[in-house]
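So this block is coords31.txt, compact mmCIF, C-alpha atoms and all ligand atoms:
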# COMPACT_ATOMS: atom_id res chain seq x y z
CA MET A 221 -0.89 -31.24 79.38
CA ALA A 222 -3.79 -33.42 80.51
CA VAL A 223 -5.10 -35.83 77.90
CA GLU A 224 -8.71 -35.14 76.98
CA PRO A 225 -10.90 -38.29 77.11
CA PHE A 226 -13.01 -37.46 74.01
CA ASP A 227 -12.70 -35.78 70.63
CA THR A 228 -15.26 -32.98 70.25
CA VAL A 229 -15.82 -33.72 66.58
CA ASP A 230 -16.79 -37.35 67.37
CA LEU A 231 -19.43 -36.09 69.78
CA ILE A 232 -20.75 -33.63 67.19
CA ARG A 233 -20.95 -36.42 64.58
CA THR A 234 -22.86 -38.62 67.05
CA LYS A 235 -25.52 -35.97 67.58
CA ARG A 236 -25.54 -34.98 63.90
CA ASP A 237 -26.34 -38.60 62.97
CA GLY A 238 -29.16 -38.92 65.53
CA GLY A 239 -27.23 -40.83 68.22
CA ALA A 240 -27.18 -40.25 71.98
CA LEU A 241 -24.35 -38.92 74.15
CA SER A 242 -23.38 -40.74 77.36
CA THR A 243 -23.23 -39.18 80.83
CA ALA A 244 -19.41 -39.11 80.67
CA GLN A 245 -19.46 -37.48 77.23
CA LEU A 246 -21.91 -34.74 78.29
CA ASP A 247 -20.04 -34.10 81.57
CA TRP A 248 -16.83 -33.70 79.62
CA LEU A 249 -18.36 -31.58 76.84
CA ILE A 250 -19.86 -29.02 79.24
CA ASP A 251 -16.75 -28.88 81.40
CA ALA A 252 -14.45 -28.57 78.37
CA TYR A 253 -16.65 -25.84 76.85
CA THR A 254 -16.73 -23.90 80.13
CA ARG A 255 -12.93 -23.95 80.41
CA GLY A 256 -12.52 -22.94 76.75
CA TYR A 257 -11.14 -26.22 75.36
CA VAL A 258 -14.20 -26.82 73.15
CA ALA A 259 -14.45 -23.86 70.75
CA ASP A 260 -17.59 -21.77 70.17
CA GLU A 261 -17.84 -22.95 66.55
CA GLN A 262 -17.83 -26.57 67.72
CA MET A 263 -20.48 -25.89 70.33
CA ALA A 264 -22.52 -24.00 67.72
CA ALA A 265 -22.50 -27.12 65.53
CA MET A 266 -23.43 -29.25 68.55
CA THR A 267 -26.36 -27.04 69.57
CA MET A 268 -27.65 -27.05 65.98
CA ALA A 269 -27.43 -30.87 65.92
CA ILE A 270 -29.38 -30.97 69.21
CA PHE A 271 -31.86 -28.43 67.83
CA LEU A 272 -32.48 -30.60 64.75
CA ASN A 273 -32.34 -34.10 66.28
CA GLY A 274 -33.48 -33.56 69.87
CA MET A 275 -32.24 -35.36 72.96
CA GLY A 276 -33.44 -38.35 74.98
CA ARG A 277 -34.64 -38.07 78.58
CA GLU A 278 -31.31 -39.24 80.08
CA GLU A 279 -29.33 -36.89 77.86
CA ILE A 280 -31.44 -33.89 78.95
CA ARG A 281 -30.92 -34.84 82.61
CA ASP A 282 -27.15 -35.31 82.11
CA LEU A 283 -26.83 -32.01 80.22
CA THR A 284 -28.72 -30.17 82.98
CA LEU A 285 -26.66 -31.68 85.80
CA ALA A 286 -23.40 -31.02 83.93
CA MET A 287 -24.41 -27.34 83.68
CA VAL A 288 -25.29 -27.25 87.39
CA ALA A 289 -21.84 -28.73 88.15
CA SER A 290 -20.13 -26.03 86.08
CA GLY A 291 -20.53 -23.53 88.94
CA GLU A 292 -21.51 -22.95 92.55
CA ARG A 293 -24.70 -24.20 94.21
CA LEU A 294 -26.46 -22.10 96.82
CA ASP A 295 -27.52 -23.77 100.05
CA PHE A 296 -30.54 -22.50 101.98
CA SER A 297 -30.49 -25.21 104.64
CA GLY A 298 -29.44 -22.61 107.25
CA LEU A 299 -32.61 -20.53 106.73
CA SER A 300 -35.47 -20.80 109.21
CA LYS A 301 -37.98 -20.48 106.31
CA LYS A 302 -38.98 -22.78 103.47
CA THR A 303 -37.91 -21.64 100.01
CA THR A 304 -40.13 -21.51 96.94
CA ASP A 305 -39.47 -19.79 93.64
CA LYS A 306 -41.14 -19.07 90.30
CA HIS A 307 -39.76 -18.92 86.78
CA SER A 308 -41.54 -17.64 83.70
CA THR A 309 -40.41 -18.56 80.20
CA GLY A 310 -41.01 -14.89 79.34
CA GLY A 311 -43.72 -12.82 77.80
CA VAL A 312 -44.93 -9.34 76.86
CA GLY A 313 -46.02 -7.31 79.89
CA ASP A 314 -45.00 -10.16 82.21
CA LYS A 315 -44.34 -8.33 85.48
CA ILE A 316 -45.81 -11.09 87.65
CA THR A 317 -42.65 -11.60 89.75
CA LEU A 318 -43.04 -8.07 91.14
CA PRO A 319 -46.35 -8.56 92.96
CA LEU A 320 -45.87 -12.34 93.38
CA ALA A 321 -42.60 -12.48 95.35
CA PRO A 322 -43.74 -10.12 98.14
CA LEU A 323 -47.22 -11.68 98.19
CA VAL A 324 -45.79 -15.18 98.79
CA ALA A 325 -43.19 -13.86 101.26
CA SER A 326 -45.98 -12.25 103.31
CA PHE A 327 -46.90 -15.82 104.36
CA GLY A 328 -43.51 -16.37 106.01
CA VAL A 329 -41.97 -18.22 103.07
CA ALA A 330 -38.65 -17.25 101.43
CA VAL A 331 -38.63 -16.44 97.69
CA PRO A 332 -35.03 -16.49 96.39
CA GLN A 333 -35.60 -14.99 92.95
CA LEU A 334 -32.41 -14.75 90.90
CA SER A 335 -33.29 -13.00 87.66
CA GLY A 336 -31.81 -11.88 84.40
CA ARG A 337 -32.06 -8.82 82.22
CA GLY A 338 -34.23 -8.55 79.15
CA LEU A 339 -32.93 -9.34 75.69
CA GLY A 340 -35.23 -8.97 72.72
CA HIS A 341 -38.97 -8.39 73.02
CA THR A 342 -39.52 -9.87 76.50
CA GLY A 343 -38.52 -7.57 79.33
CA GLY A 344 -36.22 -8.40 82.23
CA THR A 345 -37.39 -8.24 85.83
CA LEU A 346 -34.20 -6.46 86.93
CA ASP A 347 -34.65 -3.78 84.25
CA LYS A 348 -38.16 -3.11 85.55
CA LEU A 349 -37.10 -2.88 89.22
CA GLU A 350 -34.14 -0.64 88.36
CA SER A 351 -36.64 2.07 87.39
CA ILE A 352 -37.23 2.52 91.15
CA PRO A 353 -34.76 5.22 92.31
CA GLY A 354 -31.97 3.75 94.44
CA TRP A 355 -32.85 0.07 93.96
CA ARG A 356 -29.87 -2.18 93.30
CA ALA A 357 -29.85 -5.66 91.79
CA GLN A 358 -26.35 -6.73 92.83
CA LEU A 359 -26.23 -8.42 96.25
CA SER A 360 -23.45 -10.45 97.86
CA ASN A 361 -24.34 -14.00 98.93
CA ASP A 362 -24.42 -12.82 102.57
CA GLU A 363 -26.76 -9.92 101.78
CA PHE A 364 -28.99 -12.26 99.78
CA MET A 365 -29.25 -14.75 102.66
CA ALA A 366 -29.82 -12.03 105.28
CA GLN A 367 -32.67 -10.50 103.24
CA LEU A 368 -34.28 -13.91 102.70
CA GLU A 369 -34.30 -14.49 106.45
CA ARG A 370 -35.50 -11.01 107.42
CA VAL A 371 -37.83 -9.96 104.57
CA GLY A 372 -38.44 -13.23 102.74
CA ALA A 373 -38.56 -11.84 99.20
CA VAL A 374 -35.41 -11.05 97.23
CA VAL A 375 -35.14 -10.31 93.53
CA ALA A 376 -31.48 -9.99 92.61
CA ALA A 377 -29.07 -10.46 89.71
CA ALA A 378 -27.90 -14.03 89.26
CA GLY A 379 -24.14 -14.05 89.85
CA ALA A 380 -21.76 -15.31 87.18
CA GLY A 381 -20.93 -18.25 89.46
CA LEU A 382 -24.30 -19.93 88.99
CA ALA A 383 -24.34 -22.41 86.05
CA PRO A 384 -21.67 -20.46 84.10
CA ALA A 385 -21.86 -23.04 81.29
CA ASP A 386 -25.43 -21.91 80.66
CA GLY A 387 -24.42 -18.24 80.49
CA LYS A 388 -21.90 -19.06 77.77
CA LEU A 389 -24.16 -21.47 75.93
CA TYR A 390 -27.21 -19.19 76.02
CA ALA A 391 -25.22 -16.29 74.53
CA LEU A 392 -24.05 -18.65 71.75
CA ARG A 393 -27.59 -19.98 71.10
CA ASP A 394 -28.87 -16.43 70.91
CA ILE A 395 -26.69 -15.67 67.88
CA THR A 396 -26.91 -19.07 66.15
CA GLY A 397 -30.68 -19.56 65.88
CA THR A 398 -30.77 -22.38 68.44
CA VAL A 399 -32.83 -20.91 71.28
CA GLU A 400 -36.19 -22.56 70.48
CA SER A 401 -35.24 -26.14 71.34
CA ILE A 402 -36.99 -27.99 74.17
CA PRO A 403 -33.89 -29.88 75.47
CA LEU A 404 -31.82 -26.67 75.36
CA ILE A 405 -34.45 -24.40 76.97
CA ALA A 406 -35.30 -26.98 79.65
CA SER A 407 -31.67 -27.64 80.61
CA SER A 408 -30.85 -23.91 80.55
CA ILE A 409 -33.69 -22.87 82.85
CA MET A 410 -33.51 -25.85 85.19
CA SER A 411 -29.72 -25.81 85.60
CA LYS A 412 -29.99 -22.26 87.00
CA LYS A 413 -32.93 -23.10 89.25
CA ILE A 414 -31.34 -26.30 90.60
CA ALA A 415 -28.05 -24.44 91.23
CA GLU A 416 -30.02 -21.65 92.94
CA GLY A 417 -31.00 -24.18 95.59
CA THR A 418 -34.74 -23.53 95.96
CA ALA A 419 -36.69 -26.39 97.59
CA ALA A 420 -39.79 -25.76 95.46
CA LEU A 421 -40.39 -24.21 92.06
CA VAL A 422 -43.43 -23.17 90.05
CA LEU A 423 -42.90 -22.68 86.32
CA ASP A 424 -45.04 -20.35 84.23
CA VAL A 425 -44.65 -21.89 80.78
CA LYS A 426 -46.07 -19.61 78.13
CA PHE A 427 -47.42 -20.38 74.67
CA GLY A 428 -48.75 -18.14 71.91
CA SER A 429 -47.47 -15.42 69.63
CA GLY A 430 -45.54 -13.57 72.35
CA ALA A 431 -43.85 -16.69 73.79
CA PHE A 432 -40.72 -18.65 72.78
CA LEU A 433 -42.90 -21.59 71.81
CA HIS A 434 -46.06 -20.64 69.94
CA ASP A 435 -47.67 -24.09 69.98
CA PRO A 436 -49.49 -25.08 73.23
CA ALA A 437 -48.53 -28.76 72.69
CA LYS A 438 -44.83 -27.81 72.54
CA ALA A 439 -45.24 -25.66 75.67
CA ARG A 440 -46.74 -28.66 77.46
CA GLU A 441 -43.82 -30.83 76.35
CA LEU A 442 -41.39 -28.19 77.70
CA ALA A 443 -43.33 -28.02 80.98
CA GLU A 444 -43.31 -31.81 81.37
CA THR A 445 -39.58 -31.95 80.63
CA MET A 446 -38.78 -29.25 83.21
CA VAL A 447 -41.08 -30.69 85.89
CA ARG A 448 -39.36 -34.07 85.46
CA LEU A 449 -35.88 -32.49 85.64
CA GLY A 450 -36.76 -30.58 88.81
CA THR A 451 -38.44 -33.51 90.51
CA ASP A 452 -35.53 -35.86 89.69
CA ALA A 453 -33.12 -33.29 91.18
CA GLY A 454 -35.12 -33.11 94.44
CA VAL A 455 -36.88 -29.78 93.73
CA ALA A 456 -40.68 -29.98 94.18
CA THR A 457 -41.69 -28.65 90.75
CA ARG A 458 -45.00 -27.78 89.10
CA ALA A 459 -45.96 -25.81 85.99
CA LEU A 460 -48.87 -23.73 84.76
CA LEU A 461 -49.39 -23.40 81.00
CA THR A 462 -50.42 -19.83 80.26
CA ASN A 463 -51.61 -17.89 77.23
CA MET A 464 -49.23 -15.28 75.79
CA ASN A 465 -51.15 -14.36 72.64
CA VAL A 466 -52.19 -11.03 74.18
CA PRO A 467 -50.02 -8.73 76.34
CA LEU A 468 -50.40 -9.34 80.07
CA GLY A 469 -52.07 -6.40 81.80
CA LEU A 470 -52.09 -2.86 80.44
CA ALA A 471 -48.43 -1.87 80.89
CA ILE A 472 -45.50 -3.01 78.74
CA GLY A 473 -42.13 -1.53 79.64
CA ASN A 474 -40.24 -0.89 82.86
CA ALA A 475 -41.47 1.93 85.16
CA ASN A 476 -45.05 1.51 83.93
CA GLU A 477 -44.91 -2.23 84.79
CA VAL A 478 -43.74 -1.33 88.32
CA ARG A 479 -46.68 1.10 88.57
CA GLU A 480 -49.10 -1.64 87.51
CA SER A 481 -47.57 -4.14 89.96
CA VAL A 482 -48.04 -1.67 92.82
CA GLU A 483 -51.70 -1.32 91.77
CA VAL A 484 -52.07 -5.11 92.12
CA LEU A 485 -50.39 -5.01 95.55
CA ALA A 486 -52.85 -2.27 96.54
CA GLY A 487 -55.77 -4.58 95.76
CA GLY A 488 -56.49 -3.26 92.23
CA GLY A 489 -54.79 -3.75 88.86
CA PRO A 490 -55.88 -5.47 85.64
CA PRO A 491 -57.88 -8.71 86.16
CA ASP A 492 -55.48 -10.90 84.11
CA VAL A 493 -52.42 -9.81 86.12
CA VAL A 494 -54.32 -10.41 89.36
CA GLU A 495 -55.56 -13.84 88.19
CA LEU A 496 -52.10 -15.09 87.25
CA THR A 497 -50.46 -13.64 90.36
CA LEU A 498 -53.01 -15.38 92.60
CA ALA A 499 -52.80 -18.71 90.72
CA LEU A 500 -48.99 -18.82 90.89
CA ALA A 501 -49.00 -17.73 94.55
CA ARG A 502 -51.40 -20.56 95.44
CA GLU A 503 -49.16 -23.11 93.72
CA MET A 504 -45.99 -21.78 95.38
CA LEU A 505 -47.56 -21.70 98.83
CA ASP A 506 -49.05 -25.16 98.37
CA LEU A 507 -45.59 -26.55 97.56
CA ALA A 508 -44.26 -24.75 100.65
CA GLY A 509 -46.82 -26.54 102.84
CA ILE A 510 -49.48 -23.78 103.05
CA PRO A 511 -52.30 -25.22 100.91
CA ASP A 512 -55.21 -22.89 101.72
CA ALA A 513 -53.51 -19.50 101.94
CA ASP A 514 -55.87 -16.52 101.67
CA VAL A 515 -53.90 -14.87 98.88
CA GLU A 516 -56.70 -12.47 97.85
CA GLY A 517 -56.92 -11.36 101.48
CA ALA A 518 -53.18 -10.59 101.55
CA LEU A 519 -53.59 -8.27 98.54
CA GLY A 520 -56.73 -6.63 99.96
CA SER A 521 -55.38 -6.08 103.49
CA GLY A 522 -52.09 -4.38 102.54
CA ARG A 523 -50.03 -7.27 103.95
CA ALA A 524 -48.46 -8.02 100.55
CA MET A 525 -47.82 -4.29 100.06
CA ASP A 526 -45.92 -4.14 103.38
CA SER A 527 -43.79 -7.03 102.16
CA TRP A 528 -43.13 -5.20 98.83
CA ARG A 529 -42.05 -2.03 100.65
CA ALA A 530 -39.68 -4.05 102.85
CA MET A 531 -38.26 -5.86 99.79
CA ILE A 532 -37.63 -2.62 97.85
CA SER A 533 -36.18 -0.71 100.84
CA ALA A 534 -33.84 -3.60 101.75
CA GLN A 535 -32.17 -3.18 98.35
CA GLY A 536 -31.79 0.61 98.64
CA GLY A 537 -34.96 1.52 96.73
CA ASP A 538 -37.46 4.16 97.77
CA PRO A 539 -40.95 2.62 97.53
CA ASP A 540 -42.48 6.12 97.70
CA ALA A 541 -40.29 7.66 94.98
CA VAL A 542 -41.92 9.08 91.86
CA LEU A 543 -41.22 6.70 88.96
CA PRO A 544 -39.49 8.06 85.85
CA ALA A 545 -41.84 9.59 83.27
CA PRO A 546 -41.09 9.61 79.53
CA ARG A 547 -40.02 12.84 77.84
CA GLU A 548 -42.37 12.15 74.92
CA THR A 549 -45.65 10.29 74.45
CA HIS A 550 -47.78 9.50 71.40
CA THR A 551 -51.35 8.25 71.78
CA VAL A 552 -53.06 6.26 69.03
CA LEU A 553 -56.83 6.87 68.74
CA ALA A 554 -59.55 4.57 67.41
CA GLU A 555 -60.39 5.31 63.79
CA ARG A 556 -63.82 3.68 64.11
CA ALA A 557 -66.30 2.38 66.67
CA GLY A 558 -66.73 -1.34 67.37
CA VAL A 559 -65.05 -3.99 69.49
CA LEU A 560 -61.32 -4.64 69.90
CA VAL A 561 -60.99 -8.13 68.41
CA ALA A 562 -57.18 -8.45 68.14
CA GLN A 563 -54.18 -7.21 70.13
CA GLN A 564 -51.17 -9.39 69.37
CA ALA A 565 -48.50 -9.76 72.06
CA LEU A 566 -45.41 -10.07 69.86
CA PRO A 567 -45.75 -6.81 67.86
CA PHE A 568 -46.55 -4.87 71.05
CA GLY A 569 -43.45 -6.40 72.68
CA ILE A 570 -41.33 -5.45 69.68
CA ALA A 571 -42.76 -1.91 69.63
CA ALA A 572 -42.00 -1.41 73.37
CA TRP A 573 -38.49 -2.68 72.74
CA ARG A 574 -38.02 -0.28 69.82
CA LEU A 575 -39.17 2.59 72.04
CA GLY A 576 -36.20 1.82 74.32
CA ALA A 577 -37.76 -0.44 76.98
CA GLY A 578 -35.52 -3.36 75.98
CA ARG A 579 -32.02 -3.82 74.64
CA ALA A 580 -30.69 -5.13 71.33
CA ARG A 581 -27.28 -6.05 72.78
CA ARG A 582 -26.46 -7.29 76.28
CA GLN A 583 -24.35 -4.20 77.04
CA ASP A 584 -26.99 -1.62 75.97
CA PRO A 585 -28.79 0.47 78.61
CA VAL A 586 -32.59 0.50 78.74
CA GLN A 587 -34.83 3.55 79.11
CA HIS A 588 -36.74 3.16 82.35
CA ALA A 589 -39.68 5.28 81.27
CA ALA A 590 -40.06 3.72 77.79
CA GLY A 591 -42.82 1.33 76.80
CA ILE A 592 -46.51 1.22 75.99
CA ASP A 593 -49.61 1.86 78.10
CA LEU A 594 -52.63 0.03 76.71
CA HIS A 595 -55.99 1.66 77.34
CA VAL A 596 -58.15 -1.21 76.08
CA LYS A 597 -58.10 -5.02 76.03
CA PRO A 598 -59.53 -7.50 73.53
CA GLY A 599 -63.31 -7.71 73.87
CA ASP A 600 -63.68 -4.06 74.97
CA ALA A 601 -66.28 -1.88 73.21
CA ILE A 602 -64.63 1.04 71.40
CA VAL A 603 -65.99 4.46 70.50
CA GLN A 604 -64.48 6.39 67.59
CA GLY A 605 -61.64 8.68 68.68
CA GLN A 606 -60.98 7.01 72.02
CA PRO A 607 -57.34 6.35 73.03
CA LEU A 608 -56.22 2.78 72.25
CA PHE A 609 -52.64 2.94 73.53
CA THR A 610 -49.89 5.41 74.38
CA LEU A 611 -46.27 5.01 73.28
CA ARG A 612 -43.68 6.28 75.80
CA THR A 613 -40.04 7.15 75.07
CA ASP A 614 -37.32 9.70 75.77
CA GLU A 615 -36.40 9.80 72.06
CA PRO A 616 -39.29 10.78 69.72
CA GLU A 617 -37.36 9.55 66.66
CA ARG A 618 -38.23 6.06 67.92
CA PHE A 619 -42.00 6.48 67.36
CA ALA A 620 -41.95 5.70 63.62
CA ARG A 621 -40.34 2.25 63.94
CA ALA A 622 -42.53 1.36 66.91
CA LEU A 623 -45.66 2.29 64.93
CA GLU A 624 -44.37 0.23 62.01
CA ALA A 625 -44.17 -2.84 64.30
CA LEU A 626 -47.79 -2.26 65.30
CA GLU A 627 -49.22 -2.20 61.76
CA GLY A 628 -51.88 -4.94 61.63
CA ALA A 629 -51.23 -5.89 65.28
CA TYR A 630 -54.65 -4.78 66.55
CA ARG A 631 -58.08 -4.59 64.96
CA ILE A 632 -61.43 -3.05 65.74
CA GLY A 633 -64.20 -5.32 64.47
CA ASP A 634 -67.97 -5.38 64.55
CA PRO A 635 -69.93 -6.39 67.67
CA GLY A 636 -70.42 -10.18 67.64
CA GLU A 637 -67.16 -10.92 65.76
CA PRO A 638 -64.97 -13.52 67.49
CA VAL A 639 -62.24 -12.06 69.72
CA LEU A 640 -58.83 -13.47 68.78
CA ASP A 641 -57.25 -13.73 72.23
CA GLY A 642 -56.20 -17.39 72.09
CA GLY A 643 -58.57 -18.60 74.82
CA PRO A 644 -58.27 -18.66 78.61
CA LEU A 645 -55.25 -17.21 80.41
CA ILE A 646 -54.47 -20.39 82.35
CA ALA A 647 -54.75 -23.33 79.99
CA GLY A 648 -53.36 -26.20 82.04
CA ARG A 649 -51.19 -27.50 84.85
CA VAL A 650 -48.37 -30.04 84.96
CA GLY A 651 -47.06 -31.80 88.09
N1 LIG B 701 -34.66 -18.71 79.35
C1 LIG B 701 -33.50 -19.30 79.70
O1 LIG B 701 -32.97 -19.06 80.77
N2 LIG B 701 -32.96 -20.16 78.83
C2 LIG B 701 -33.49 -20.46 77.65
O2 LIG B 701 -32.95 -21.25 76.92
C3 LIG B 701 -34.70 -19.83 77.28
C4 LIG B 701 -35.25 -18.97 78.17
Starting from the file, lay out its structure as structure tokens.
Amino acid sequence: MAVEPFDTVDLIRTKRDGGALSTAQLDWLIDAYTRGYVADEQMAAMTMAIFLNGMGREEIRDLTLAMVASGERLDFSGLSKKTTDKHSTGGVGDKITLPLAPLVASFGVAVPQLSGRGLGHTGGTLDKLESIPGWRAQLSNDEFMAQLERVGAVVAAAGAGLAPADGKLYALRDITGTVESIPLIASSIMSKKIAEGTAALVLDVKFGSGAFLHDPAKARELAETMVRLGTDAGVATRALLTNMNVPLGLAIGNANEVRESVEVLAGGGPPDVVELTLALAREMLDLAGIPDADVEGALGSGRAMDSWRAMISAQGGDPDAVLPAPRETHTVLAERAGVLVAQQALPFGIAAWRLGAGRARRQDPVQHAAGIDLHVKPGDAIVQGQPLFTLRTDEPERFARALEALEGAYRIGDPGEPVLDGGPLIAGRVG
């Protein structure tokens, strides 16, 4: 049996007592955890020590690169197109990848988007796209490359071969209360993106009640950490800091988010979804060497829509298919007239999840038609009796718990009262 160069418990004690781990120690720890030598309970103690005591800049870099080295690395050097990708830290109603990937690809750039499924109150991009009849998320590496070359945009399931250490570690963090740590989030996200092999990356780092990190200053610190990690690894990386206090757009769920994305691709859609899509597209195209792209024009002319149709068809989906409709709906009406002054993202995300749009356990299925359609946004004038939002589900017994989550989550105030939306949608830029 090979002799292990370190004792796990010594490394745990070092982090517990506020010390730093060396490159060799972190390389070994991640490799030994991936191959099952370091036990889950030891790694749980380690992640809690990191959560409580943080990590230095070199440690975060070493941890990230050790996770990259735990699996395969894709190589796009054979493509005739430049690659540029986007990652969002996750939010309620965040369907931006759907209009964004085809929009950017319509400029001749490749968008290699490897995504995950939703867990908890933020939805997964693959779950949303799977509401399109026939569409499949699983592609072989050859299919992925061929679609990038031909269509440009691909949204597919990240294979188990990409940063497998992160897959194992993220599942452990999820059940040990250690997700909300800047070194752990930054290394988790960036290890997957570096392994994915994109040349450029734009991060949408969210703050507010519906985001992982509520505090804008913490979100900025996360953005700076990830931009540094990407840049040091040779990936041209930038970040936008965006407000997730209020749901994005009017649709929260799966099929209804696809419907809203198609509206944006057709030149319409809610102004906040359009604004963020355009801002991220400009950043991605700038990093790909197209600084003054007419992104509004590509939405207005149908060029981005053509790219969407090609992207969906290439993965077996029917872009003209009727999207699944819920078996049951329940619309909540305004009890009084006034102005909508509050609409909190987190409770709406939880309610959509309880209606069946998200999953409680990794293995659970999602309901494609479940979710919430909002009919008003903060700042809108309200007349008594008008619809505020509609709950959608296949199982009406889910309404009660969803409505419970929404108690106190929205408020109709008097004209002139301040609107509690947390300020502008795009609050800053890093990189
Ligand atoms: N998304 C990830 O991929 N990892 C995290 O740690 C948090 C969000």
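Proximity ranking of A:Arg277, A:Ala259, A:Lys306, A:Ser407 relative to ligand LIG 701 (chain B) places A:Ser407 first, based on all atoms listed in the file.
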Surrounding residues of stretch 382-396 of chain A excluding itself and chain neighbours under 2 positions, 7 Å, all atoms listed in the file, as a PyMOL selection string
chain A and resi 250+254+264+287-288+290-293+378-380+398-399+408+411-412+415
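Note that atom CA of A:Ala518 and atom CA of A:Gly343 are 26.8 Å apart.
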Fewer than 2 positions away in the same chain doesn't count, so skip those; otherwise give me all residues within 8 Å of A:Ile232, counting only C-alpha atoms, as a PDB file with C-alpha atoms, in the frame of the given file.
ATOM      1  CA  THR A 228     -15.260 -32.980  70.250  1.00  0.00           C
ATOM      2  CA  VAL A 229     -15.820 -33.720  66.580  1.00  0.00           C
ATOM      3  CA  ASP A 230     -16.790 -37.350  67.370  1.00  0.00           C
ATOM      4  CA  THR A 234     -22.860 -38.620  67.050  1.00  0.00           C
ATOM      5  CA  LYS A 235     -25.520 -35.970  67.580  1.00  0.00           C
ATOM      6  CA  ARG A 236     -25.540 -34.980  63.900  1.00  0.00           C
ATOM      7  CA  GLN A 262     -17.830 -26.570  67.720  1.00  0.00           C
ATOM      8  CA  ALA A 265     -22.500 -27.120  65.530  1.00  0.00           C
ATOM      9  CA  MET A 266     -23.430 -29.250  68.550  1.00  0.00           C
ATOM     10  CA  ALA A 269     -27.430 -30.870  65.920  1.00  0.00           C
TER      11      ALA A 269
END
For A:Gly558, work out the shell of residues within 7 Å, counting all atoms listed in the file and skipping chain neighbours fewer than 2 positions away, then give it as an NGL selection string.
:A and (556 or 560 or 601-603 or 632-635)
Let's have the selection written as a short mmCIF file (atom, residue, chain, number, x, y, z; two decimals), keeping the file's coordinate frame, with C-alpha atoms.
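Saved result, selection.cif, follows:
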data_model
loop_
_atom_site.label_atom_id
_atom_site.label_comp_id
_atom_site.auth_asym_id
_atom_site.auth_seq_id
_atom_site.Cartn_x
_atom_site.Cartn_y
_atom_site.Cartn_z
CA ARG A 556 -63.82 3.68 64.11
CA LEU A 560 -61.32 -4.64 69.90
CA ALA A 601 -66.28 -1.88 73.21
CA ILE A 602 -64.63 1.04 71.40
CA VAL A 603 -65.99 4.46 70.50
CA ILE A 632 -61.43 -3.05 65.74
CA GLY A 633 -64.20 -5.32 64.47
CA ASP A 634 -67.97 -5.38 64.55
CA PRO A 635 -69.93 -6.39 67.67
#
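Compared by their closest atoms to A:Arg612, and using all atoms listed in the file, the residues A:Thr549, A:Gln583, A:Gln563, A:Asn465 rank with A:Thr549 nearest.
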Selected residue of minimal separation from A:Pro491 among A:Ala459, A:Leu346, A:Leu468, A:Gly473, counting only C-alpha atoms
A:Leu468
So which residues touch A:Asp305 within 7 Å, counting all atoms listed in the file, skipping near sequence neighbours fewer than 4 positions away, as a ChimeraX atom specification?
/A:331-333,418,420-422
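Here atom CA of A:Gly372 is placed at a distance of 19.6 Å from atom CA of A:Gly520.
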If you count all atoms listed in the file, which residues fall within 6 Å of stretch 437-447 of chain A, apart from same-chain ones fewer than 3 positions away, as an mmCIF file with C-alpha atoms, keeping the file's coordinate frame?
data_model
loop_
_atom_site.group_PDB
_atom_site.id
_atom_site.type_symbol
_atom_site.label_atom_id
_atom_site.label_comp_id
_atom_site.auth_asym_id
_atom_site.auth_seq_id
_atom_site.Cartn_x
_atom_site.Cartn_y
_atom_site.Cartn_z
ATOM 1 C CA ILE A 402 -36.990 -27.990 74.170
ATOM 2 C CA ALA A 406 -35.300 -26.980 79.650
ATOM 3 C CA PHE A 427 -47.420 -20.380 74.670
ATOM 4 C CA GLY A 450 -36.760 -30.580 88.810
ATOM 5 C CA THR A 457 -41.690 -28.650 90.750
ATOM 6 C CA ARG A 458 -45.000 -27.780 89.100
#
So, counting all atoms listed in the file, which residue among A:Glu400, A:Asp614, A:Glu416, A:Asp435 is closest to ligand LIG 701 (chain B)?
A:Glu400
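Remark: residues at most 7 Å from position (-42.7, -27.7, 101.9) in file coordinates are Lys302, Leu507, Ala508 and Gly509 of chain A, using only C-alpha atoms.
Shortest separation to A:Ala534 among A:Arg502, A:His595, A:Arg370, A:Lys426 occurs at residue A:Arg370, atoms counted being only C-alpha atoms.
Using all atoms listed in the file for every distance, the candidate list A:Asp260, A:Asp424, A:Glu480, A:Asp492 yields A:Asp424 as the residue closest to ligand LIG 701 (chain B).
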With N, CA and C atoms as the goal, would you fill in the gaps in stretch 377-382 of chain A and present it as a PDB file, in the frame of the given file?
ATOM      1  N   ALA A 377     -29.751  -9.976  90.913  1.00  0.00           N
ATOM      2  CA  ALA A 377     -29.070 -10.460  89.710  1.00  0.00           C
ATOM      3  C   ALA A 377     -28.400 -11.797  90.010  1.00  0.00           C
ATOM      4  N   ALA A 378     -28.583 -12.741  89.106  1.00  0.00           N
ATOM      5  CA  ALA A 378     -27.900 -14.030  89.260  1.00  0.00           C
ATOM      6  C   ALA A 378     -26.412 -13.793  89.044  1.00  0.00           C
ATOM      7  N   GLY A 379     -25.583 -14.236  89.970  1.00  0.00           N
ATOM      8  CA  GLY A 379     -24.140 -14.050  89.850  1.00  0.00           C
ATOM      9  C   GLY A 379     -23.575 -14.920  88.736  1.00  0.00           C
ATOM     10  N   ALA A 380     -22.377 -14.558  88.288  1.00  0.00           N
ATOM     11  CA  ALA A 380     -21.760 -15.310  87.180  1.00  0.00           C
ATOM     12  C   ALA A 380     -21.360 -16.711  87.632  1.00  0.00           C
ATOM     13  N   GLY A 381     -21.369 -16.949  88.937  1.00  0.00           N
ATOM     14  CA  GLY A 381     -20.930 -18.250  89.460  1.00  0.00           C
ATOM     15  C   GLY A 381     -21.963 -19.347  89.356  1.00  0.00           C
ATOM     16  N   LEU A 382     -23.207 -18.958  89.025  1.00  0.00           N
ATOM     17  CA  LEU A 382     -24.300 -19.930  88.990  1.00  0.00           C
ATOM     18  C   LEU A 382     -24.442 -20.476  87.569  1.00  0.00           C
TER      19      LEU A 382
END
